[in-house]
>>> print(open('entry33.pdb').read())   # PDB, C-alpha atoms and all ligand atoms
ATOM      1  CA  MET A   7       0.659 -12.467 -10.777  1.00  0.00           C
ATOM      2  CA  HIS A   8       2.768  -9.583  -9.474  1.00  0.00           C
ATOM      3  CA  LEU A   9       4.860 -10.135  -6.348  1.00  0.00           C
ATOM      4  CA  LEU A  10       6.877  -7.804  -4.139  1.00  0.00           C
ATOM      5  CA  ILE A  11       9.900  -9.193  -2.281  1.00  0.00           C
ATOM      6  CA  VAL A  12      11.271  -7.143   0.627  1.00  0.00           C
ATOM      7  CA  GLU A  13      14.582  -8.673   1.683  1.00  0.00           C
ATOM      8  CA  ASP A  14      17.910  -7.081   2.644  1.00  0.00           C
ATOM      9  CA  GLU A  15      20.046 -10.142   1.826  1.00  0.00           C
ATOM     10  CA  GLU A  16      20.839  -9.390  -1.787  1.00  0.00           C
ATOM     11  CA  LYS A  17      21.941 -12.893  -2.763  1.00  0.00           C
ATOM     12  CA  LEU A  18      18.766 -14.500  -1.429  1.00  0.00           C
ATOM     13  CA  ALA A  19      16.541 -11.792  -2.899  1.00  0.00           C
ATOM     14  CA  ARG A  20      18.091 -12.111  -6.363  1.00  0.00           C
ATOM     15  CA  ALA A  21      17.768 -15.900  -6.288  1.00  0.00           C
ATOM     16  CA  LEU A  22      14.095 -15.688  -5.261  1.00  0.00           C
ATOM     17  CA  LYS A  23      13.335 -13.056  -7.892  1.00  0.00           C
ATOM     18  CA  LYS A  24      14.974 -15.106 -10.613  1.00  0.00           C
ATOM     19  CA  GLY A  25      13.302 -18.360  -9.523  1.00  0.00           C
ATOM     20  CA  LEU A  26       9.850 -16.798  -9.296  1.00  0.00           C
ATOM     21  CA  GLU A  27      10.242 -15.091 -12.664  1.00  0.00           C
ATOM     22  CA  MET A  28      11.036 -18.493 -14.156  1.00  0.00           C
ATOM     23  CA  LYS A  29       7.663 -19.613 -12.771  1.00  0.00           C
ATOM     24  CA  GLY A  30       5.899 -16.787 -14.581  1.00  0.00           C
ATOM     25  CA  PHE A  31       5.530 -14.224 -11.800  1.00  0.00           C
ATOM     26  CA  ALA A  32       6.339 -10.548 -12.279  1.00  0.00           C
ATOM     27  CA  VAL A  33       8.642  -9.732  -9.345  1.00  0.00           C
ATOM     28  CA  ASP A  34       9.834  -6.476  -7.760  1.00  0.00           C
ATOM     29  CA  TRP A  35      12.531  -6.451  -5.120  1.00  0.00           C
ATOM     30  CA  LEU A  36      13.147  -3.815  -2.455  1.00  0.00           C
ATOM     31  CA  ALA A  37      15.792  -4.012   0.302  1.00  0.00           C
ATOM     32  CA  ASP A  38      14.771  -0.882   2.205  1.00  0.00           C
ATOM     33  CA  SER A  39      11.954  -1.271   4.731  1.00  0.00           C
ATOM     34  CA  GLU A  40      10.739   2.347   4.631  1.00  0.00           C
ATOM     35  CA  LYS A  41      10.613   2.316   0.820  1.00  0.00           C
ATOM     36  CA  ALA A  42       8.785  -1.000   0.974  1.00  0.00           C
ATOM     37  CA  ARG A  43       6.128   0.366   3.323  1.00  0.00           C
ATOM     38  CA  THR A  44       5.567   3.354   1.049  1.00  0.00           C
ATOM     39  CA  ARG A  45       5.466   1.171  -2.081  1.00  0.00           C
ATOM     40  CA  ILE A  46       2.898  -1.153  -0.500  1.00  0.00           C
ATOM     41  CA  LEU A  47       0.661   1.727   0.560  1.00  0.00           C
ATOM     42  CA  LEU A  48       0.855   3.537  -2.793  1.00  0.00           C
ATOM     43  CA  TYR A  49       0.678   0.514  -5.103  1.00  0.00           C
ATOM     44  CA  ARG A  50      -1.468  -1.833  -3.014  1.00  0.00           C
ATOM     45  CA  ASP A  51      -3.682  -2.843  -5.943  1.00  0.00           C
ATOM     46  CA  GLU A  52      -0.771  -3.793  -8.191  1.00  0.00           C
ATOM     47  CA  TYR A  53       0.531  -6.578  -5.997  1.00  0.00           C
ATOM     48  CA  ASP A  54      -1.060  -9.999  -5.684  1.00  0.00           C
ATOM     49  CA  LEU A  55       1.268 -11.062  -2.872  1.00  0.00           C
ATOM     50  CA  ILE A  56       4.061  -9.634  -0.702  1.00  0.00           C
ATOM     51  CA  ILE A  57       7.028 -11.626   0.641  1.00  0.00           C
ATOM     52  CA  LEU A  58       8.450  -9.772   3.600  1.00  0.00           C
ATOM     53  CA  ASP A  59      11.662 -10.539   5.492  1.00  0.00           C
ATOM     54  CA  LEU A  60      11.234 -10.221   9.262  1.00  0.00           C
ATOM     55  CA  MET A  61      14.686  -8.876  10.152  1.00  0.00           C
ATOM     56  CA  LEU A  62      15.243  -5.762   8.080  1.00  0.00           C
ATOM     57  CA  PRO A  63      17.334  -2.713   8.917  1.00  0.00           C
ATOM     58  CA  GLY A  64      14.907  -0.013  10.055  1.00  0.00           C
ATOM     59  CA  ILE A  65      11.306  -1.157  10.418  1.00  0.00           C
ATOM     60  CA  ASP A  66      10.966  -4.950  10.756  1.00  0.00           C
ATOM     61  CA  GLY A  67       8.638  -7.070   8.643  1.00  0.00           C
ATOM     62  CA  ALA A  68       6.097  -7.618  11.411  1.00  0.00           C
ATOM     63  CA  THR A  69       5.767  -3.895  12.070  1.00  0.00           C
ATOM     64  CA  ILE A  70       5.384  -3.200   8.333  1.00  0.00           C
ATOM     65  CA  THR A  71       2.635  -5.828   8.178  1.00  0.00           C
ATOM     66  CA  GLU A  72       0.826  -4.386  11.171  1.00  0.00           C
ATOM     67  CA  SER A  73       1.068  -0.846   9.860  1.00  0.00           C
ATOM     68  CA  VAL A  74      -0.172  -1.586   6.303  1.00  0.00           C
ATOM     69  CA  ARG A  75      -3.027  -3.728   7.652  1.00  0.00           C
ATOM     70  CA  LYS A  76      -4.107  -0.688   9.714  1.00  0.00           C
ATOM     71  CA  GLU A  77      -4.248   1.200   6.405  1.00  0.00           C
ATOM     72  CA  ASN A  78      -6.603  -1.509   5.065  1.00  0.00           C
ATOM     73  CA  VAL A  79      -4.108  -3.179   2.730  1.00  0.00           C
ATOM     74  CA  THR A  80      -5.521  -6.689   2.200  1.00  0.00           C
ATOM     75  CA  THR A  81      -2.798  -8.067  -0.119  1.00  0.00           C
ATOM     76  CA  PRO A  82      -1.604 -11.480   1.163  1.00  0.00           C
ATOM     77  CA  ILE A  83       1.714 -11.323   3.059  1.00  0.00           C
ATOM     78  CA  ILE A  84       4.170 -14.180   3.659  1.00  0.00           C
ATOM     79  CA  ILE A  85       6.924 -13.446   6.198  1.00  0.00           C
ATOM     80  CA  LEU A  86      10.425 -14.914   6.033  1.00  0.00           C
ATOM     81  CA  THR A  87      11.808 -15.599   9.510  1.00  0.00           C
ATOM     82  CA  ALA A  88      15.072 -16.985  10.865  1.00  0.00           C
ATOM     83  CA  ARG A  89      15.036 -20.277  12.771  1.00  0.00           C
ATOM     84  CA  ASN A  90      15.404 -18.702  16.249  1.00  0.00           C
ATOM     85  CA  GLU A  91      12.483 -16.366  15.639  1.00  0.00           C
ATOM     86  CA  THR A  92       9.840 -19.066  15.265  1.00  0.00           C
ATOM     87  CA  GLU A  93       8.447 -18.582  18.757  1.00  0.00           C
ATOM     88  CA  HIS A  94       6.958 -15.345  17.498  1.00  0.00           C
ATOM     89  CA  LYS A  95       4.998 -17.006  14.705  1.00  0.00           C
ATOM     90  CA  VAL A  96       1.608 -16.551  16.367  1.00  0.00           C
ATOM     91  CA  ASP A  97       2.471 -12.863  16.726  1.00  0.00           C
ATOM     92  CA  LEU A  98       3.120 -12.657  12.988  1.00  0.00           C
ATOM     93  CA  LEU A  99      -0.277 -14.098  12.160  1.00  0.00           C
ATOM     94  CA  ASN A 100      -1.919 -11.839  14.739  1.00  0.00           C
ATOM     95  CA  LYS A 101      -0.278  -8.819  13.139  1.00  0.00           C
ATOM     96  CA  GLY A 102      -1.889  -9.706   9.819  1.00  0.00           C
ATOM     97  CA  ALA A 103       0.538 -12.008   7.994  1.00  0.00           C
ATOM     98  CA  ASP A 104      -1.137 -14.798   6.004  1.00  0.00           C
ATOM     99  CA  ASP A 105       1.726 -17.263   6.438  1.00  0.00           C
ATOM    100  CA  TYR A 106       5.411 -17.467   7.354  1.00  0.00           C
ATOM    101  CA  ILE A 107       8.318 -19.602   6.275  1.00  0.00           C
ATOM    102  CA  VAL A 108      11.448 -20.370   8.300  1.00  0.00           C
ATOM    103  CA  LYS A 109      14.912 -19.792   6.803  1.00  0.00           C
ATOM    104  CA  PRO A 110      16.635 -21.731   5.378  1.00  0.00           C
ATOM    105  CA  PHE A 111      13.816 -22.991   3.147  1.00  0.00           C
ATOM    106  CA  SER A 112      13.722 -24.670  -0.233  1.00  0.00           C
ATOM    107  CA  PHE A 113      12.426 -22.776  -3.217  1.00  0.00           C
ATOM    108  CA  GLU A 114       9.775 -25.470  -3.740  1.00  0.00           C
ATOM    109  CA  GLU A 115       8.500 -24.924  -0.202  1.00  0.00           C
ATOM    110  CA  LEU A 116       8.166 -21.179  -0.734  1.00  0.00           C
ATOM    111  CA  LEU A 117       6.420 -21.784  -4.051  1.00  0.00           C
ATOM    112  CA  ALA A 118       3.964 -24.154  -2.378  1.00  0.00           C
ATOM    113  CA  ARG A 119       3.204 -21.535   0.315  1.00  0.00           C
ATOM    114  CA  ILE A 120       2.720 -18.836  -2.324  1.00  0.00           C
ATOM    115  CA  ASN A 121       0.344 -21.018  -4.322  1.00  0.00           C
ATOM    116  CA  SER A 122      -1.516 -22.004  -1.189  1.00  0.00           C
ATOM    117  CA  VAL A 123      -1.946 -18.396  -0.043  1.00  0.00           C
ATOM    118  CA  LEU A 124      -3.053 -17.262  -3.521  1.00  0.00           C
ATOM    119  CA  ARG A 125      -5.705 -19.961  -3.740  1.00  0.00           C
ATOM    120  CA  ARG A 126      -7.197 -19.599  -0.265  1.00  0.00           C
ATOM    121  CA  PRO A 127     -10.992 -19.666  -0.114  1.00  0.00           C
ATOM    122  CA  THR A 128     -11.115 -15.981   0.933  1.00  0.00           C
ATOM    123  CA  THR A 129      -9.632 -15.023  -2.425  1.00  0.00           C
ATOM    124  CA  GLN A 130     -11.979 -17.489  -4.164  1.00  0.00           C
ATOM    125  CA  GLN A 131      -9.457 -18.720  -6.655  1.00  0.00           C
ATOM    126  CA  PRO A 132     -10.035 -22.262  -7.889  1.00  0.00           C
ATOM    127  CA  ILE A 133      -7.094 -24.270  -9.210  1.00  0.00           C
ATOM    128  CA  VAL A 134      -8.728 -25.171 -12.535  1.00  0.00           C
ATOM    129  CA  LEU A 135     -10.360 -22.270 -14.347  1.00  0.00           C
ATOM    130  CA  LYS A 136     -12.829 -22.921 -17.157  1.00  0.00           C
ATOM    131  CA  VAL A 137     -14.148 -20.233 -19.474  1.00  0.00           C
ATOM    132  CA  GLY A 138     -15.888 -21.097 -22.739  1.00  0.00           C
ATOM    133  CA  PRO A 139     -13.675 -23.575 -24.644  1.00  0.00           C
ATOM    134  CA  LEU A 140     -10.670 -22.759 -22.439  1.00  0.00           C
ATOM    135  CA  GLU A 141      -9.423 -24.686 -19.440  1.00  0.00           C
ATOM    136  CA  MET A 142      -6.481 -23.537 -17.318  1.00  0.00           C
ATOM    137  CA  ASP A 143      -4.796 -25.554 -14.593  1.00  0.00           C
ATOM    138  CA  THR A 144      -2.984 -22.983 -12.452  1.00  0.00           C
ATOM    139  CA  ALA A 145      -1.081 -25.680 -10.534  1.00  0.00           C
ATOM    140  CA  THR A 146       0.424 -27.486 -13.530  1.00  0.00           C
ATOM    141  CA  ARG A 147       0.388 -24.239 -15.575  1.00  0.00           C
ATOM    142  CA  THR A 148      -1.229 -25.858 -18.600  1.00  0.00           C
ATOM    143  CA  VAL A 149      -3.924 -24.471 -20.900  1.00  0.00           C
ATOM    144  CA  LYS A 150      -6.285 -26.509 -23.035  1.00  0.00           C
ATOM    145  CA  LYS A 151      -8.665 -25.347 -25.721  1.00  0.00           C
ATOM    146  CA  GLU A 152     -11.451 -27.821 -26.489  1.00  0.00           C
ATOM    147  CA  GLY A 153      -9.382 -30.450 -24.679  1.00  0.00           C
ATOM    148  CA  GLU A 154      -6.173 -29.863 -26.644  1.00  0.00           C
ATOM    149  CA  GLU A 155      -3.162 -28.436 -24.893  1.00  0.00           C
ATOM    150  CA  VAL A 156      -1.983 -25.040 -26.185  1.00  0.00           C
ATOM    151  CA  PRO A 157       1.654 -24.202 -25.325  1.00  0.00           C
ATOM    152  CA  LEU A 158       1.936 -20.663 -23.966  1.00  0.00           C
ATOM    153  CA  THR A 159       4.931 -18.594 -22.867  1.00  0.00           C
ATOM    154  CA  LEU A 160       5.116 -17.513 -19.214  1.00  0.00           C
ATOM    155  CA  LYS A 161       3.848 -14.006 -19.985  1.00  0.00           C
ATOM    156  CA  GLU A 162       1.043 -15.290 -22.236  1.00  0.00           C
ATOM    157  CA  PHE A 163      -0.016 -17.641 -19.451  1.00  0.00           C
ATOM    158  CA  ALA A 164       0.054 -14.833 -16.858  1.00  0.00           C
ATOM    159  CA  LEU A 165      -1.982 -12.595 -19.156  1.00  0.00           C
ATOM    160  CA  LEU A 166      -4.571 -15.273 -19.920  1.00  0.00           C
ATOM    161  CA  GLU A 167      -4.866 -16.025 -16.195  1.00  0.00           C
ATOM    162  CA  CYS A 168      -5.960 -12.407 -15.558  1.00  0.00           C
ATOM    163  CA  PHE A 169      -8.758 -12.826 -18.127  1.00  0.00           C
ATOM    164  CA  MET A 170      -9.833 -16.257 -16.931  1.00  0.00           C
ATOM    165  CA  ARG A 171     -10.185 -15.012 -13.365  1.00  0.00           C
ATOM    166  CA  GLU A 172     -12.508 -12.218 -14.546  1.00  0.00           C
ATOM    167  CA  PRO A 173     -14.286 -13.446 -17.674  1.00  0.00           C
ATOM    168  CA  GLY A 174     -16.803 -11.159 -19.341  1.00  0.00           C
ATOM    169  CA  ILE A 175     -15.272  -8.121 -17.680  1.00  0.00           C
ATOM    170  CA  VAL A 176     -13.345  -5.432 -19.541  1.00  0.00           C
ATOM    171  CA  LEU A 177      -9.830  -5.362 -18.097  1.00  0.00           C
ATOM    172  CA  ALA A 178      -8.047  -2.032 -18.407  1.00  0.00           C
ATOM    173  CA  ARG A 179      -4.680  -2.019 -20.131  1.00  0.00           C
ATOM    174  CA  GLU A 180      -3.038  -0.546 -17.010  1.00  0.00           C
ATOM    175  CA  LYS A 181      -4.441  -3.301 -14.798  1.00  0.00           C
ATOM    176  CA  LEU A 182      -3.239  -6.057 -17.141  1.00  0.00           C
ATOM    177  CA  PHE A 183       0.157  -4.439 -17.358  1.00  0.00           C
ATOM    178  CA  ASP A 184       0.479  -3.991 -13.582  1.00  0.00           C
ATOM    179  CA  HIS A 185      -0.289  -7.633 -12.840  1.00  0.00           C
ATOM    180  CA  VAL A 186       1.849  -9.230 -15.538  1.00  0.00           C
ATOM    181  CA  TRP A 187       4.924  -6.998 -15.725  1.00  0.00           C
ATOM    182  CA  ASP A 188       7.150  -5.738 -12.910  1.00  0.00           C
ATOM    183  CA  PHE A 189       7.546  -2.182 -11.629  1.00  0.00           C
ATOM    184  CA  ASN A 190      10.579  -1.435 -13.786  1.00  0.00           C
ATOM    185  CA  SER A 191       8.963  -2.437 -17.077  1.00  0.00           C
ATOM    186  CA  LEU A 192       8.438   0.359 -19.551  1.00  0.00           C
ATOM    187  CA  SER A 193       4.706   0.953 -19.754  1.00  0.00           C
ATOM    188  CA  TRP A 194       5.051   3.141 -22.862  1.00  0.00           C
ATOM    189  CA  SER A 195       6.031   0.157 -24.925  1.00  0.00           C
ATOM    190  CA  ASN A 196       3.480  -1.831 -26.917  1.00  0.00           C
ATOM    191  CA  VAL A 197       4.513  -5.024 -25.146  1.00  0.00           C
ATOM    192  CA  LEU A 198       0.949  -5.705 -23.978  1.00  0.00           C
ATOM    193  CA  ASP A 199      -0.451  -5.483 -27.521  1.00  0.00           C
ATOM    194  CA  VAL A 200       2.250  -7.772 -28.858  1.00  0.00           C
ATOM    195  CA  HIS A 201       1.437 -10.393 -26.235  1.00  0.00           C
ATOM    196  CA  MET A 202      -2.304 -10.044 -26.848  1.00  0.00           C
ATOM    197  CA  LYS A 203      -1.716 -10.549 -30.557  1.00  0.00           C
ATOM    198  CA  ASN A 204       0.285 -13.713 -29.891  1.00  0.00           C
ATOM    199  CA  LEU A 205      -2.310 -15.007 -27.444  1.00  0.00           C
ATOM    200  CA  ARG A 206      -5.053 -14.476 -30.038  1.00  0.00           C
ATOM    201  CA  LYS A 207      -3.000 -16.194 -32.706  1.00  0.00           C
ATOM    202  CA  LYS A 208      -2.696 -19.264 -30.494  1.00  0.00           C
ATOM    203  CA  LEU A 209      -6.247 -19.360 -29.146  1.00  0.00           C
ATOM    204  CA  GLU A 210      -8.571 -17.902 -31.797  1.00  0.00           C
ATOM    205  CA  HIS A 211      -9.553 -19.296 -35.182  1.00  0.00           C
ATOM    206  CA  ASP A 212      -8.275 -17.248 -38.090  1.00  0.00           C
ATOM    207  CA  GLY A 213     -10.750 -15.070 -39.914  1.00  0.00           C
ATOM    208  CA  GLU A 214     -13.906 -16.354 -38.248  1.00  0.00           C
ATOM    209  CA  ASP A 215     -15.943 -13.955 -36.177  1.00  0.00           C
ATOM    210  CA  ASP A 216     -17.422 -16.737 -34.073  1.00  0.00           C
ATOM    211  CA  GLY A 217     -13.892 -17.944 -33.324  1.00  0.00           C
ATOM    212  CA  ARG A 218     -13.151 -14.711 -31.472  1.00  0.00           C
ATOM    213  CA  LEU A 219     -12.471 -15.037 -27.771  1.00  0.00           C
ATOM    214  CA  PHE A 220     -11.096 -11.602 -26.974  1.00  0.00           C
ATOM    215  CA  GLU A 221     -12.784  -8.298 -27.605  1.00  0.00           C
ATOM    216  CA  THR A 222     -10.703  -5.129 -27.939  1.00  0.00           C
ATOM    217  CA  VAL A 223     -12.337  -2.201 -26.192  1.00  0.00           C
ATOM    218  CA  ARG A 224     -10.766   0.790 -27.842  1.00  0.00           C
ATOM    219  CA  GLY A 225      -8.939   3.120 -25.484  1.00  0.00           C
ATOM    220  CA  VAL A 226      -9.739   0.934 -22.487  1.00  0.00           C
ATOM    221  CA  GLY A 227      -8.494  -2.621 -22.730  1.00  0.00           C
ATOM    222  CA  TYR A 228      -9.617  -6.141 -23.522  1.00  0.00           C
ATOM    223  CA  ARG A 229     -12.402  -8.517 -22.547  1.00  0.00           C
ATOM    224  CA  LEU A 230     -12.527 -12.312 -22.633  1.00  0.00           C
ATOM    225  CA  ALA A 231     -15.973 -13.444 -23.756  1.00  0.00           C
ATOM    226  CA  GLY A 232     -17.689 -16.161 -21.769  1.00  0.00           C
ATOM    227  CA  GLU A 233     -18.728 -17.229 -18.327  1.00  0.00           C
ATOM    228  CA  VAL A 234     -17.071 -19.328 -15.679  1.00  0.00           C
ATOM    229  CA  HIS A 235     -18.103 -22.975 -15.666  1.00  0.00           C
ATOM    230  CA  VAL A 236     -18.213 -24.423 -12.191  1.00  0.00           C
TER     231      VAL A 236
HETATM  232 CA    CA B   1      17.134  -9.841   6.837  1.00  0.00          CA
END
>>> encode(input="entry33.pdb", output="structure tokens", more="lines below")
Ligand code: CA
Amino acid sequence: MHLLIVEDEEKLARALKKGLEMKGFAVDWLADSEKARTRILLYRDEYDLIILDLMLPGIDGATITESVRKENVTTPIIILTARNETEHKVDLLNKGADDYIVKPFSFEELLARINSVLRRPTTQQPIVLKVGPLEMDTATRTVKKEGEEVPLTLKEFALLECFMREPGIVLAREKLFDHVWDFNSLSWSNVLDVHMKNLRKKLEHDGEDDGRLFETVRGVGYRLAGEVHV
């Protein structure tokens, strides 16, 4: 999951970025509202969620929300507001925000809002994903294969989550990279292949063709075999 934080208070922004990265999210941070608006419009498909501060120098968070919604950006947006701004909360939702959170807030509260927005029925994202022998609980961040827990790193988990949300579909390398790594990561590196190799080592049986879960589609990307079990 790739998040964008737009916040002009550096200390808060850095703390949020660090905390969310520890939870396995890829996080970009921008402090400038005009740059943020441009980034959202140009890279709309890369972000799974945007956290937008309301009081920013230049364009405020509500105006950014309204303007990108007019450009048909559907990425979920959570707005950070100060305590004395809460009377405008209905306005925020009317302008297209999915949720808001009042400062000061605890990290756990923000995390709960993020998870709740990401799993809303409109995005059709169940909490437990099952594909073939694999079962992923996105709330507890655990993965089981044939009932046995498989320990994964944060990036391996994030990568596997992309596949388990779209099983049977070939996912392009660029798409995987954009959703698992942040904007400043070096896309020329073979970091994706290294992580795929590690993921296969943990999840596939050695040397057996029928133990294969992932298919490499040369020049395009990877595919996780299987269908979603409901
Ligand atoms: Ca601010």
>>> closest_atom_pairs(input="entry33.pdb", of="chain A", to="ligand CA 1 (chain B)", cutoff="7 Å", atoms="all atoms listed in the file", output="Markdown table")
| residue | atom | partner | partner_atom | distance |
| --- | --- | --- | --- | --- |
| A:Glu13 | CA | B:CA1 | CA | 5.9 |
| A:Asp14 | CA | B:CA1 | CA | 5.1 |
| A:Glu15 | CA | B:CA1 | CA | 5.8 |
| A:Asp59 | CA | B:CA1 | CA | 5.7 |
| A:Leu60 | CA | B:CA1 | CA | 6.4 |
| A:Met61 | CA | B:CA1 | CA | 4.2 |
| A:Leu62 | CA | B:CA1 | CA | 4.7 |
>>> residues_around(input="entry33.pdb", residues="stretch 99-111 of chain A", least_positions_apart="3", cutoff="6 Å", atoms="all atoms listed in the file", output="PyMOL selection string")
chain A and resi 72+82-89+96
>>> residues_around(input="entry33.pdb", residues="A:Thr80", least_positions_apart="5", cutoff="9 Å", atoms="only C-alpha atoms", output="PyMOL selection string")
chain A and resi 50+74-75+102
>>> closest_residue(input="entry33.pdb", among="A:Lys17, A:Arg147, A:Lys207, A:Lys24", to="A:Ala37", atoms="all atoms listed in the file")
A:Lys17
>>> residues_around(input="entry33.pdb", residues="stretch 197-206 of chain A", least_positions_apart="6", cutoff="9 Å", atoms="all atoms listed in the file", output="JSON, numbers by chain")
{"A": [158, 161, 162, 163, 165, 166, 179, 182, 183, 218, 219, 220, 228]}
>>> residues_around(input="entry33.pdb", residues="A:Ala21", least_positions_apart="3", cutoff="12 Å", atoms="all atoms listed in the file", output="JSON, numbers by chain")
{"A": [11, 13, 15, 16, 17, 18, 24, 25, 26, 27, 28, 33, 35, 112, 113]}
>>> residues_around(input="entry33.pdb", residues="stretch 52-54 of chain A", least_positions_apart="4", cutoff="9 Å", atoms="only C-alpha atoms", output="number ranges by chain")
A: 7-10, 46, 81-82, 124, 181, 184-185
>>> axis_aligned_box(input="entry33.pdb", around="stretch 73-81 of chain A", padding_each_side="5 Å", output="AutoDock Vina command-line options")
--center_x -2.8 --center_y -3.4 --center_z 4.9 --size_x 17.7 --size_y 19.3 --size_z 20.0
>>> closest_residue(input="entry33.pdb", among="A:Val176, A:Lys23, A:Ala32, A:Val156", to="A:Asn190", atoms="all atoms listed in the file")
A:Ala32
>>> closest_residue(input="entry33.pdb", among="A:Glu172, A:Asp51, A:Asp38, A:Glu155", to="A:Val137", atoms="all atoms listed in the file")
A:Glu172
>>> closest_residue(input="entry33.pdb", among="A:Trp187, A:Asp97, A:Asp143, A:Arg171", to="A:Phe31", atoms="all atoms listed in the file")
A:Trp187
